[in-house]
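Please read the structure below before turning to the comments.
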Amino acid sequence: MDFLSILLDILLSAAFWTAVLRIATPYVLGTLGELVCERAGVLNLGIEGIMTLGAMAGWMAVYQGAGLWTGLVVAAACGALLGLLHAALTVPLGLSQHVTGIGVTLLGTSLSYFIYRLVLPQASTPPTIQPFQPLDLPGALAQTPLTYLAFALVGLVAYVLYRTPAGLAVRMVGENPAAAEAQGLNVTAIRIGAVMAGSALMALAGAFLTLSAFNAFFFNMVNGRGWICIALVVFASWRPGKALLGALLFAVFDALQLRLQQASGGVLPYQLFLMMPYLLSILALVLVARRASYPRALMIPYRKGER
Amino acid sequence: QGKVKVAGIYTVPIEQQWVSRIHVALKAAADRGEIEYVWAESVANTDYERVMRQYAEAGQQLVFGEVFGVERAARAVAKDYPKTAFVMGSSFKPQEPNFSVFDNYIQEPAYLSGMIAGGMTRSNVIGMVGGYPIPEVNRLMNAFMEGAKEVNPQVKFSVSFIGSWFDPPKAKEAAFAMIDRGADVMYAERFGVSDAAKERKVLAIGNVIDTQPQYPDTVVASALWHMEPSVERAIAAVKAGSYKAEDYGPYSMMTNKGSSLAPLGTFESKVPDAVKAKVKEREQQIRDGKFTVKVNDAEPKSTM
Amino acid sequence: MPSSLKGGPEVVLRLAGISKRFGPLLANDGISLTLRAGEVLALLGENGAGKTTLMNILFGHYVADEGSIEAFGRPLPPGSPRAALEAGIGMVHQHFTLADNLSVLDNVAVGTEPLWRLWSDRGAARRRLLDLSQRFGLEVRPDALVGDLSVGERQRVEILKALYRDARILILDEPTAVLTPQESAGLFDTLRRLTADGLAVVFISHKMNEVFAASDTVAVLRAGKLVATHPTASTDRAKLAELMVGRSVKPPSPTPLAPGEPVLELAGVTVASGHGRPLLDGADLTVRRHQVVGIAGVSGNGQTALAELVSGLIRPDSGRLSLKGSVVDHADPAGMVRRGVARIPEDRHSAGLVGAMAVWENLIAERYHDPAFSRFGVLRRGAARSYARQVIEEFDVRCPGPDARTQLLSGGNMQKLILGRTLAHGPDLILASQPTRGLDIGAVSYVHSRLLDARAAGAGVLLISEDLDEILALADCVAVAYHGRLTPPLPHDRVSVSQLGLLMAGHWDILGDILPETQGENGNAA
Amino acid sequence: MRLEPRTDIPLALRLLAPVGAVVAALALCALLVAWTGAPVLRAYGLLFEGAVGSRFALTETLTRATPLILTGLAAAVAFRTKLWNIGAEGQLYMGALAAVVVGGGMLDLPGWALIPVVMIAGMAAGGATLLGPAVLKVRFGVDEVVTTLLLNFVVLLLVSMLLEGALKDPMGMGWPQSAPIVEAAELPKLVERTRLHAGLAIALGLSVLLWLIDSRTVWGYENRAVGANPRAAAFAGMPVNRIMLRTALLSGGLAGLAGAAEVCGLKGYLTLDLSPGFGYSGIVVAMLAQLHPIGVVGAALFIAGIFVGADAMSRAMPVPNYIADVLVAASLLCMLVAGLLARYRLRRG
Ligand SMILES: Nc1ncnc2c1ncn2[C@@H]1O[C@H](COP(=O)(O)OP(=O)(O)OP(=O)(O)O)[C@@H](O)[C@H]1O
Ligand SMILES: Nc1ncnc2c1ncn2[C@@H]1O[C@H](COP(=O)(O)OP(=O)(O)OP(=O)(O)O)[C@@H](O)[C@H]1O
Ligand SMILES: [Mg+2]
Ligand SMILES: [Mg+2]
């Protein structure tokens with residue numbers, strides 16, 4: 001078969017699109033989370049650590065006997081807690097968002113590993129749980145509830161951002177905190193709230209990996225997915241709808257490379273295929289760069305009464 | 001009181017299949033009261049040499065680990081501590097007087113599990129998902145493919161690598177991709193592959209560890225690695241004061257009970273008798289030294 | 001309602017003994033003020049006198065160290081803009097507090113609904129905004145992005161923000177600093193309508209004519225202290241100026257000089273904008289030695305492009321730019337400096353100076369390659385510092401010394417710093433873009449005299465300003481910019497403010513009356 | 001409550017702040033240590049000993065600090081000019097790649113000539129890697145945070161591809177690793193029978209050099225101006241884009257040098273696990289140092305010491321060795337807060 005017909009074959013199969021939606025789910029959640037933080041003016045490089053903690057905490061809760069949905073709540077709460085740490089340092093104290101974020105990633109990751117090892121000191125095969133099961137629906141619709149949740153959250157986040165007073169306040173503090181304050185808003189509280197909410201979403205992205213995509217927690221399991229979300233937010237020009245699109249596009253590349261890798265009969269090094277999503281993301285960025293309008297106060301700390 | 005002090009230094013978490021075999025064997029020895037066992041996991045290769053020295057300085061008598069990425073440094077450390085016994089995963093030769101090597105030479109059961117896979121596939125497509133194409137992985141995949149082809153010359157293989165040891169969701173996706181394209185038996189080098197097979201109701205072949213208890217309707221057979229013979233031999237030698245550098249490779253082979261084909265268990269009645277007979281015959285030949293499985297460390301390629 | 005003893009209108013605001021310290025600096029020193037309904041209070045004072053600080057305390061951005069505030073007879077909790085808003089105080093900040101990426105409606109409505117409401121009633125908000133905008137003649141487009149608005153439009157949005165919240169007391173901090181004369185006039189119209197409704201206004205300005213045109217009472221701050229409060233009618237310009245700066249200030253009086261050879265010539269220069277109408281459209285202009293050429297015009301008619309062109313930031317798409325008789329082909333900022341152009345940028349904060357760097361570092365920014373300041377790539381810091389001390393001295397830059405961080409200088413002193421950087425080297429051409437925007441009258445007069453000194457020494461000056469008074473006071477001749485085109489130079493003594501106003505609005509048909517010798521182009525330029 | 005900047009910071013406070021930060025971090029992590037059941041005080045005694053308590057501990061700390069200084073400098077010079085280079089990890093690997101190519105026997109030179117050539121090759125490769133994102137930023141306004149971040153993955157895959165292909169060591173028994181560099185390309189050891197190598201001297205020399213460049217030269221002056229206000233710098237006539245690209249070359253070069261030094265000083269060949277995230281830690285180091293080249297040395301030593309010490313401690317106690325990273329993270333965050341409290345005072349209102 002020539003390349004084009006293979007490609008067509010892949011793209012026309014329902015299984016391919018099922019995989020795309022599945023692969024996209026953690027990116028959708030993580031990107032939404034990062035987007036909410038950045039919309040409020042706070043870059044959250046802690047995403048990788050927050051996702052790891054979400055993956056571990058959600059899984060651990062279920063492993064200790066909680067229900068799957070309870071596990072999700074636990075993950076979100078832990079994510080919000082790390083988000084609170086990030087926000088406490090970067091918002092009222094105005095510390096560098098880059099370093100704090102990297103610190104939070106390091107802390108979230110190492111703390112997750114530490115706790116996991118402390119609770120399960122002698123695991124030689126990773127213990128497993130019974131994860132979310134795909135719903136019994138035809139074709140690409142056969143997804144676990146978390147995928148549906150992620151897609152619903154895109155609409156919810158978009159609604160909140162663009163149609164509610166709180167969403168407008170979040171966008172305002174991300175664009176011009178001084179203006180928000182002049183309108184009587186509490187910039188610090190809104191930023192902290194947004195970072196916590198965003199971090200909770202990131203933790204859900206992590207929990208998806210252990211409660212839906214797989215059934216055990218692994219060290220290094222998040223494997224750079226958080227960093228991709230940061231890129232996707234830029235690609236999405238900070239818009240929830242485009243974030244969904246970006247996550248789906250990335251997932252398409254990823255699902256495609258997995259299939260092309262096999263179809264290529266080992267002629268090309270597999271690394272070339274693995275590179276594809278990253279290179280295509282950079283290309284996509286170059287194409288959208290000129291039009292991107294970032295939140296103007298992103299990464300700029302705001303301390304009341306200082307100029 | 002003759003407990004041998006043993007340390008393990010692992011570059012990955014102890015859940016990683018390869019390392020878990022060493023860890024389990026040492027832990028069993030510790031539980032039996034033969035050794036005192038300490039271990040460090042997720043040691044970056046940059047730090048590996050330091051940890052080796054720290055354990056040697058701390059008076060550990062026997063050190064297990066894997067030095068694939070730090071061959072040179074590790075051998076230098078061994079030279080500096082001639083009284084400490086090092087038994088390290090390595091593709092190279094032992095080094096006098098105290099640096100022994102081992103590796104997962106379980107190509108024999110891998111070959112046998114390949115035969116079973118070849119006999120079980122209906123679509124004649126077998127999918128294989130690996131982390132990286134390193135010798136420890138390639139060797140088993142190649143043997144597996146040979147075994148499958150012996151039983152079923154029509155069989156085709158689809159191979160892919162995910163570029164990570166620790167990403168089961170990704171391995172699972174790679175497996176799904178293969179199943180979507182017709183594979184009905186999956187070679188589960190990574191965690192996640194058997195899960196995909198289970199979800200899609202196709203079969204899987206395990207590797208290094210026995211996962212049939214977790215996947216009773218999915219995992220047909222597994223090529224198992226047992227580090228116990230190597231571990232026991234090293235401990236005995238240290239205890240007896242007769243430890244010397246040697247190649248522990250053979251103690252990972254079937255003849256020395258270093259590896260085995262897992263019992264078919266839930267699949268006992270589902271594997272065709274003809275296949276079972278062939279496997280049994282080969283197994284006997286291997287034990288008798290009449291059949292050798294070639295060690296081929298080259299990167300396996302898809303044949304589709 | 002308790003009325004004041006004099007029986008005048010109700011007192012709506014009472015500041016009592018407000019003091020505020022920033023580290024060692026006493027920015028406000030025991031200031032007490034009262035404001036009545038319908039009153040317009042003008043707050044005057046030099047740069048850094050403490051006007052903005054006082055208003056920021058009133059609005060809750062800062063907390064006073066001492067003193068109290070009462071609004072409508074009730075004490076105002078300190079440090080809460082929300083409380084100030086709820087008490088009916090609205091503030092238009094010195095630097096706009098608007099989000100460029102959000103719509104006008106969003107900017108106005110944010111924070112007016114309970115935060116936890118599950119939806120926002122944008123329909124009602126839009127109706128209210130349009131209603132207010134109609135009532136007070138403040139025309140806005142609710143869905144336009146603020147970033148796309150002109151400064152005048154933004155000013156309107158700022159005022160609407162306050163009115164939207166039913167402000168009964170409106171604070172305007174230098175509201176006209178960036179407005180054109182027409183826009184300013186419009187603003188004062190609006191203010192009159194508002195005060196007729198009983199609104200009380202505090203407005204801060206450096207422009208005397210506005211103070212006299214609009215205020216009932218004037219209060220003067222000097223170095224943090226309230227030095228005088230007078231009914232506006234009972235005082236005059238000279239007296240106020242003296243109160244502000246502590247000495248008398250004379251307006252500039254250029255001595256007539258014969259123009260010399262041309263230093264800058266533009267011939268048919270066009271600069272494309274990328275979309276729509278070009279920024280500059282076949283502009284012709286000549287600036288000679290000993291001559292100040294003023295460019296008047298409503299902002300957005302090509303002045304920025306003209307300034308960038310002469311600064312070397314952009315190049316003409318067609319036409320020719322010559323300096324001292326030779327054509328400049330590949331202009332860049334460094335090349336312009338080399339050719340003897342002194343450039344005073346419109347925006348001193350973001351284009352003129354690097355705030356985070358020391359004064360001396362900013363002073364050598366245009367000529368650090370000069371062997372006097374660097375050799376073999378190594379800075380001669382000693383030489384640069386002593387040079388800086390010299391300039392600081394000569395240009396009266398008030399700062400702790402050459403190592404002071406530039407950020408901490410006041411606007412006036414920043415401007416002097418830029419003057420020192422550019423004028424110290426005997427330039428042939430000076431580009432002065434809004435050189436006195438936001439400066440107090442003391443600083444303004446200093447800048448003007450420096451420009452006139454340079455003119456006397458043989459430089460040509462291209463003065464771009466939206467302040468017509470400034471142009472008429474300094475310029476030998478004036479060109480008006482409209483839609484990227486320039487009128488021929490009009491001698492300053494043959495043209496009146498009202499004629500300039502017409503030309504700025506595009507009525508170029510009157511050119512024939514002013515310059516009978518040219519044939520008035522072809523009527524309306526529009 | 002609000003923060004008010006202090007006009008001058010007392011020396012005592014300046015010195016006390018980092019100490020306070022470490023104490024706070026240790027106190028926080030004491031909870032975790034206690035949870036494992038280990039005696040906290042003894043654990044911390046062992047940590048200290050493991051970091052600086054012996055010749056071996058000290059040289060190990062210095063060895064680990066070496067790449068951190070270089071990646072820290074890489075981040076510092078880039079951030080100074082507001083070039084947000086998050087890609088030092090990838091640039092490090094490119095530098096290492098160049099080192100094994102050039103130092104792998106391609107050139108037959110004596111050590112005094114070969115080592116500089118290999119180091120420069122590493123720098124060139126690292127610099128070239130960052131040049132791409134920098135050009136995209138300058139030309140098309142593409143956010144470099146994202147491009148440099150993504151390139152890390154691409155570079156790692158590229159290295160993986162080469163290690164399994166063109167650069168694979170024929171004597172490596174199939175393991176994906178490069179052939180070792182020739183002996184002449186190896187950096188000399190600074191202390192006999194330890195891992196401490198001349199890379200440290202290079203790193204220290206460079207931090208002094210960069211400090212001099214930053215504070216004394218036209219280059220440093222231009223870099224700072226462009227970093228603080230690119231518009232004003234352009235207006236004053238500085239070639240902003242050129243300065244940006246030059247900074248990219250330097251920053252990427254420093255990260256590349258880190259990779260080359262790790263190969264030539266420590267490892268001898270290239271594998272996929274050369275760096276346990278040195279590129280990312282470099283950002284932390286640079287920011288802790290407030291982008292000051294000399295401060296980078298201190299910050300790197302601090303991070304390395306905490307890690308090495310805590311790692312050693314976990315070996316002697318029943319504490320999972322992940323505590324080392326937890327401690328590094330906690331110290332980092334506490335250090336940030338302490339630095340802030342030194343610069344500001346807490347005031348009511
Ligand atoms: N946030 C601050 N931190 C430190 N000092 C400040 C701060 N805000 C104002 N100041 C000080 O208070 C003094 C008064 O500043 P303010 O902005 O009130 O002056 P102003 O009268 O509004 O001047 P201008 O006419 O230039 O606007 C300044 O000299 C400055 O030193
Ligand atoms: N962050 C700061 N800390 C301390 N003092 C400051 C700070 N920012 C500004 N100032 C002080 O504020 C005073 C006035 O500053 P400001 O920026 O209001 O000047 P300005 O004259 O109003 O400028 P502009 O003409 O642009 O309005 C200066 O004397 C300066 O020392
Ligand atoms: Mg002011
Ligand atoms: Mg001002």
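We label chains A, B, ... in the order they appear in the structure tokens, count residues from 1 in each chain, and number ligands from 1 in the order shown.
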
List every residue of stretch 146-249 of chain B that DSSP, applied to the backbone, labels as helix (DSSP H, G or I), and write the result as an MDAnalysis selection string. chainID B and resid 146:151 168:180 193:200 228:240 249

Write a file of the just-selected residues containing C-alpha atoms, as a PDB file, in the first residue's frame.
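Printed below is out_11.pdb as written:
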```pdb
ATOM      1  CA  GLU B 146      11.928 -16.845  15.874  1.00  0.00           C
ATOM      2  CA  GLY B 147       9.782 -19.071  18.028  1.00  0.00           C
ATOM      3  CA  ALA B 148       6.564 -17.766  16.516  1.00  0.00           C
ATOM      4  CA  LYS B 149       7.867 -18.259  12.992  1.00  0.00           C
ATOM      5  CA  GLU B 150       8.869 -21.833  13.729  1.00  0.00           C
ATOM      6  CA  VAL B 151       5.273 -22.750  14.539  1.00  0.00           C
ATOM      7  CA  PRO B 168       1.863   2.656  30.425  1.00  0.00           C
ATOM      8  CA  PRO B 169      -0.889   4.830  28.940  1.00  0.00           C
ATOM      9  CA  LYS B 170       1.299   5.387  25.906  1.00  0.00           C
ATOM     10  CA  ALA B 171       2.232   1.710  25.654  1.00  0.00           C
ATOM     11  CA  LYS B 172      -1.446   0.967  25.849  1.00  0.00           C
ATOM     12  CA  GLU B 173      -2.165   3.349  23.001  1.00  0.00           C
ATOM     13  CA  ALA B 174       0.577   1.783  20.907  1.00  0.00           C
ATOM     14  CA  ALA B 175      -0.986  -1.615  21.574  1.00  0.00           C
ATOM     15  CA  PHE B 176      -4.429  -0.349  20.638  1.00  0.00           C
ATOM     16  CA  ALA B 177      -2.979   0.961  17.410  1.00  0.00           C
ATOM     17  CA  MET B 178      -1.682  -2.523  16.624  1.00  0.00           C
ATOM     18  CA  ILE B 179      -4.865  -4.266  17.553  1.00  0.00           C
ATOM     19  CA  ASP B 180      -6.726  -1.808  15.344  1.00  0.00           C
ATOM     20  CA  VAL B 193       0.076  -3.684  26.643  1.00  0.00           C
ATOM     21  CA  SER B 194      -1.771  -6.477  28.417  1.00  0.00           C
ATOM     22  CA  ASP B 195      -4.386  -3.981  29.505  1.00  0.00           C
ATOM     23  CA  ALA B 196      -5.016  -3.014  25.910  1.00  0.00           C
ATOM     24  CA  ALA B 197      -5.231  -6.670  24.967  1.00  0.00           C
ATOM     25  CA  LYS B 198      -7.634  -7.350  27.796  1.00  0.00           C
ATOM     26  CA  GLU B 199      -9.853  -4.426  26.869  1.00  0.00           C
ATOM     27  CA  ARG B 200      -9.963  -5.563  23.236  1.00  0.00           C
ATOM     28  CA  GLU B 228      17.294 -16.414  42.536  1.00  0.00           C
ATOM     29  CA  PRO B 229      19.990 -18.770  41.206  1.00  0.00           C
ATOM     30  CA  SER B 230      22.365 -15.854  40.594  1.00  0.00           C
ATOM     31  CA  VAL B 231      21.582 -14.190  43.903  1.00  0.00           C
ATOM     32  CA  GLU B 232      21.967 -17.389  45.882  1.00  0.00           C
ATOM     33  CA  ARG B 233      25.196 -18.259  44.181  1.00  0.00           C
ATOM     34  CA  ALA B 234      26.698 -14.853  44.899  1.00  0.00           C
ATOM     35  CA  ILE B 235      25.596 -14.849  48.520  1.00  0.00           C
ATOM     36  CA  ALA B 236      26.992 -18.321  49.072  1.00  0.00           C
ATOM     37  CA  ALA B 237      30.285 -17.357  47.488  1.00  0.00           C
ATOM     38  CA  VAL B 238      30.626 -14.225  49.628  1.00  0.00           C
ATOM     39  CA  LYS B 239      29.710 -16.174  52.742  1.00  0.00           C
ATOM     40  CA  ALA B 240      32.230 -18.846  51.931  1.00  0.00           C
ATOM     41  CA  GLY B 249      24.781 -15.025  32.546  1.00  0.00           C
TER      42      GLY B 249
END
```

So which residues touch A:Arg191 within 10 Å, counting only C-alpha atoms, skipping near sequence neighbours fewer than 5 positions away, as a list in words?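 My reading of the contact set: Val36, Cys37, Glu38, Arg39, Ala40, Gly41, Val42, Ala87, Ala88, Thr90, Val91, Pro92, Ala169, Val170, Arg171, Val173, Gly174, Pro177, Asn186, Met196 and Ala197 of chain A.
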
Report as a compact mmCIF listing (two decimals) with N, CA, C and O atoms, in the first residue's frame all protein, DNA and RNA residues lying within 8 Å of stretch 53-69 of chain A, evaluated on only C-alpha atoms, omitting residues in the same chain fewer than 4 positions from it.
```txt
# COMPACT_ATOMS: atom_id res chain seq x y z
N GLY A 49 4.32 18.72 38.00
CA GLY A 49 4.28 18.20 39.36
C GLY A 49 2.86 18.04 39.87
O GLY A 49 2.54 17.08 40.57
N VAL A 73 -12.02 13.50 43.26
CA VAL A 73 -12.15 14.67 44.14
C VAL A 73 -10.87 14.85 44.94
O VAL A 73 -10.37 15.97 45.10
N VAL A 74 -10.34 13.73 45.43
CA VAL A 74 -9.10 13.81 46.20
C VAL A 74 -7.99 14.39 45.33
O VAL A 74 -7.24 15.28 45.73
N ALA A 75 -7.89 13.91 44.09
CA ALA A 75 -6.86 14.42 43.18
C ALA A 75 -7.03 15.92 42.99
O ALA A 75 -6.07 16.68 43.11
N ALA A 76 -8.25 16.33 42.71
CA ALA A 76 -8.49 17.75 42.46
C ALA A 76 -8.13 18.57 43.69
O ALA A 76 -7.51 19.64 43.58
N CYS A 78 -5.94 17.83 46.03
CA CYS A 78 -4.49 17.89 46.17
C CYS A 78 -3.90 18.87 45.16
O CYS A 78 -2.99 19.64 45.48
N GLY A 79 -4.43 18.84 43.95
CA GLY A 79 -3.96 19.79 42.93
C GLY A 79 -4.22 21.21 43.37
O GLY A 79 -3.33 22.08 43.27
N GLY A 108 6.03 18.64 43.75
CA GLY A 108 4.90 17.76 43.48
C GLY A 108 5.37 16.37 43.08
O GLY A 108 4.86 15.35 43.55
N THR A 109 6.35 16.34 42.20
CA THR A 109 6.84 15.06 41.70
C THR A 109 7.51 14.26 42.82
O THR A 109 7.16 13.11 43.08
N LEU A 111 7.43 14.65 46.04
CA LEU A 111 6.53 14.32 47.14
C LEU A 111 5.63 13.13 46.79
O LEU A 111 5.40 12.24 47.60
N SER A 112 5.17 13.11 45.55
CA SER A 112 4.33 11.98 45.13
C SER A 112 5.11 10.69 45.23
O SER A 112 4.61 9.68 45.74
N TYR A 116 4.29 7.69 47.80
CA TYR A 116 3.97 6.39 47.21
C TYR A 116 4.89 5.31 47.78
O TYR A 116 4.45 4.24 48.19
N THR A 128 -2.62 -2.55 41.41
CA THR A 128 -3.58 -1.95 40.48
C THR A 128 -4.93 -1.75 41.13
O THR A 128 -5.23 -2.30 42.19
N ILE A 129 -5.75 -0.94 40.48
CA ILE A 129 -7.13 -0.72 40.90
C ILE A 129 -8.03 -1.06 39.72
O ILE A 129 -7.56 -1.33 38.61
N PRO A 131 -10.10 0.58 37.14
CA PRO A 131 -10.27 1.96 36.67
C PRO A 131 -11.63 2.20 36.04
O PRO A 131 -12.44 1.28 35.90
N PHE A 132 -11.87 3.44 35.65
CA PHE A 132 -13.07 3.77 34.88
C PHE A 132 -13.10 2.92 33.61
O PHE A 132 -12.06 2.72 32.97
N MET A 202 -5.59 20.53 36.39
CA MET A 202 -4.36 19.83 36.02
C MET A 202 -4.28 18.49 36.75
O MET A 202 -3.89 17.48 36.18
N ALA A 203 -4.64 18.52 38.03
CA ALA A 203 -4.59 17.28 38.81
C ALA A 203 -5.55 16.25 38.23
O ALA A 203 -5.25 15.05 38.21
N LEU A 204 -6.69 16.72 37.73
CA LEU A 204 -7.62 15.77 37.09
C LEU A 204 -6.96 15.15 35.86
O LEU A 204 -7.13 13.96 35.59
N ALA A 205 -6.21 15.97 35.14
CA ALA A 205 -5.49 15.43 33.98
C ALA A 205 -4.57 14.31 34.41
O ALA A 205 -4.47 13.27 33.76
N GLY A 206 -3.88 14.52 35.54
CA GLY A 206 -3.01 13.48 36.05
C GLY A 206 -3.81 12.26 36.48
O GLY A 206 -3.45 11.12 36.17
N ALA A 207 -4.91 12.51 37.17
CA ALA A 207 -5.73 11.40 37.67
C ALA A 207 -6.29 10.59 36.51
O ALA A 207 -6.48 9.37 36.64
N PHE A 208 -6.52 11.23 35.38
CA PHE A 208 -7.00 10.48 34.22
C PHE A 208 -6.03 9.35 33.88
O PHE A 208 -6.44 8.24 33.51
N LEU A 209 -4.74 9.63 34.02
CA LEU A 209 -3.73 8.63 33.65
C LEU A 209 -3.83 7.40 34.53
O LEU A 209 -3.63 6.27 34.06
N THR A 210 -4.11 7.59 35.82
CA THR A 210 -4.10 6.43 36.72
C THR A 210 -5.49 5.86 36.97
O THR A 210 -5.60 4.74 37.44
N LEU A 211 -6.52 6.64 36.71
CA LEU A 211 -7.86 6.16 37.01
C LEU A 211 -8.65 5.78 35.76
O LEU A 211 -9.74 5.24 35.85
N ASN A 215 -4.26 1.67 35.24
CA ASN A 215 -4.83 1.30 36.52
C ASN A 215 -3.81 1.29 37.65
O ASN A 215 -4.07 0.76 38.71
N ALA A 216 -2.62 1.85 37.39
CA ALA A 216 -1.60 1.87 38.43
C ALA A 216 -0.84 3.17 38.32
O ALA A 216 -0.89 3.85 37.30
N PHE A 217 -0.15 3.50 39.41
CA PHE A 217 0.68 4.70 39.39
C PHE A 217 2.12 4.31 39.08
O PHE A 217 2.64 3.33 39.62
```

Using only C-alpha atoms and all ligand atoms, which residues have at least one atom no more than 8 Å from ligand 2? Output them as a PyMOL selection string. (chain A and resi 306-307) or (chain C and resi 22+47-48+52+94-95+348-349+407-413+437-440)

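Going from atom CA of B:Ser90 over to atom CA of B:Thr255, you cover 20.7 Å.
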
Find the residues of chain A in contact range of chain B, meaning any atom within 9 Å when counting only C-alpha atoms, and list them as a ChimeraX atom specification. /A:10,13,15-16,19,22-23,122-126,128,209-210,213-216,218-223,255-256,258-259,261-267,270-271,274

Residue contacts of C:Glu261 (8 Å, only C-alpha atoms) excluding same-chain residues fewer than 3 positions away, as an mmCIF file with all heavy atoms, in the first residue's frame:
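This is the output file part_28.cif:
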```cif
data_model
loop_
_atom_site.group_PDB
_atom_site.id
_atom_site.type_symbol
_atom_site.label_atom_id
_atom_site.label_comp_id
_atom_site.auth_asym_id
_atom_site.auth_seq_id
_atom_site.Cartn_x
_atom_site.Cartn_y
_atom_site.Cartn_z
ATOM 1 N N ARG C 288 14.899 74.389 8.829
ATOM 2 C CA ARG C 288 16.187 75.072 8.635
ATOM 3 C C ARG C 288 16.837 75.363 9.973
ATOM 4 O O ARG C 288 16.200 75.313 11.021
ATOM 5 C CB ARG C 288 15.952 76.391 7.892
ATOM 6 C CG ARG C 288 15.399 76.205 6.516
ATOM 7 C CD ARG C 288 14.952 77.524 5.917
ATOM 8 N NE ARG C 288 14.473 77.311 4.559
ATOM 9 C CZ ARG C 288 15.285 77.192 3.507
ATOM 10 N NH1 ARG C 288 16.588 77.307 3.658
ATOM 11 N NH2 ARG C 288 14.786 76.974 2.306
ATOM 12 N N ARG C 289 18.111 75.683 9.889
ATOM 13 C CA ARG C 289 18.814 76.106 11.108
ATOM 14 C C ARG C 289 18.153 77.359 11.667
ATOM 15 O O ARG C 289 17.574 78.147 10.920
ATOM 16 C CB ARG C 289 20.281 76.415 10.789
ATOM 17 C CG ARG C 289 21.084 75.176 10.464
ATOM 18 C CD ARG C 289 22.570 75.482 10.478
ATOM 19 N NE ARG C 289 23.330 74.316 10.019
ATOM 20 C CZ ARG C 289 23.670 73.303 10.822
ATOM 21 N NH1 ARG C 289 23.317 73.320 12.092
ATOM 22 N NH2 ARG C 289 24.360 72.294 10.334
ATOM 23 N N LYS C 324 20.861 67.748 6.244
ATOM 24 C CA LYS C 324 21.940 68.657 5.873
ATOM 25 C C LYS C 324 22.327 68.501 4.406
ATOM 26 O O LYS C 324 23.492 68.413 4.039
ATOM 27 C CB LYS C 324 23.171 68.423 6.758
ATOM 28 C CG LYS C 324 22.919 68.825 8.213
ATOM 29 C CD LYS C 324 24.132 68.614 9.086
ATOM 30 C CE LYS C 324 24.264 67.156 9.507
ATOM 31 N NZ LYS C 324 25.451 66.932 10.352
#
```

Within 10 Å of chain B, which residues of chain D are there when counting only C-alpha atoms? Please give them as a ChimeraX atom specification. /D:50,56-57,60,63-64,156-157,160,164,171-177,180,193-195,262,266-277,308,311-312,314-318,320-322

Residues of chain D that approach ligand 1 to 12 Å or less, counting only C-alpha atoms and all ligand atoms: could you list each one with the shortest pair of atoms and its distance in Å to one decimal, rows by chain and increasing residue number, as a Markdown table?
```
| residue | atom | partner | partner_atom_place_in_ligand_line | distance |
| --- | --- | --- | --- | --- |
| D:Arg2 | CA | ligand 1 | 1 (N) | 11.8 |
| D:Leu3 | CA | ligand 1 | 3 (N) | 11.1 |
| D:Glu4 | CA | ligand 1 | 3 (N) | 8.5 |
| D:Pro5 | CA | ligand 1 | 3 (N) | 8.7 |
| D:Arg6 | CA | ligand 1 | 4 (C) | 10.9 |
| D:Thr7 | CA | ligand 1 | 4 (C) | 10.5 |
```

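If we count only C-alpha atoms, these residues of chain C sit within 6 Å of chain D: Val63, Pro333, Ala334, Ala351, Gly352, Leu353, Val354, Ala365, Glu366, Gly377, Val378 and Leu379 of chain C.
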
Near chain A, meaning an atom within 6 Å, which residues of chain C appear when counting only C-alpha atoms? Write them as a VMD selection string. chain C and resid 62 81 to 82 97 to 99 111 115 118 to 120

Atom CA of D:Ala98 and atom CA of D:Met123, how far apart in Å?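 Distance between the two atoms: 8.5 Å.
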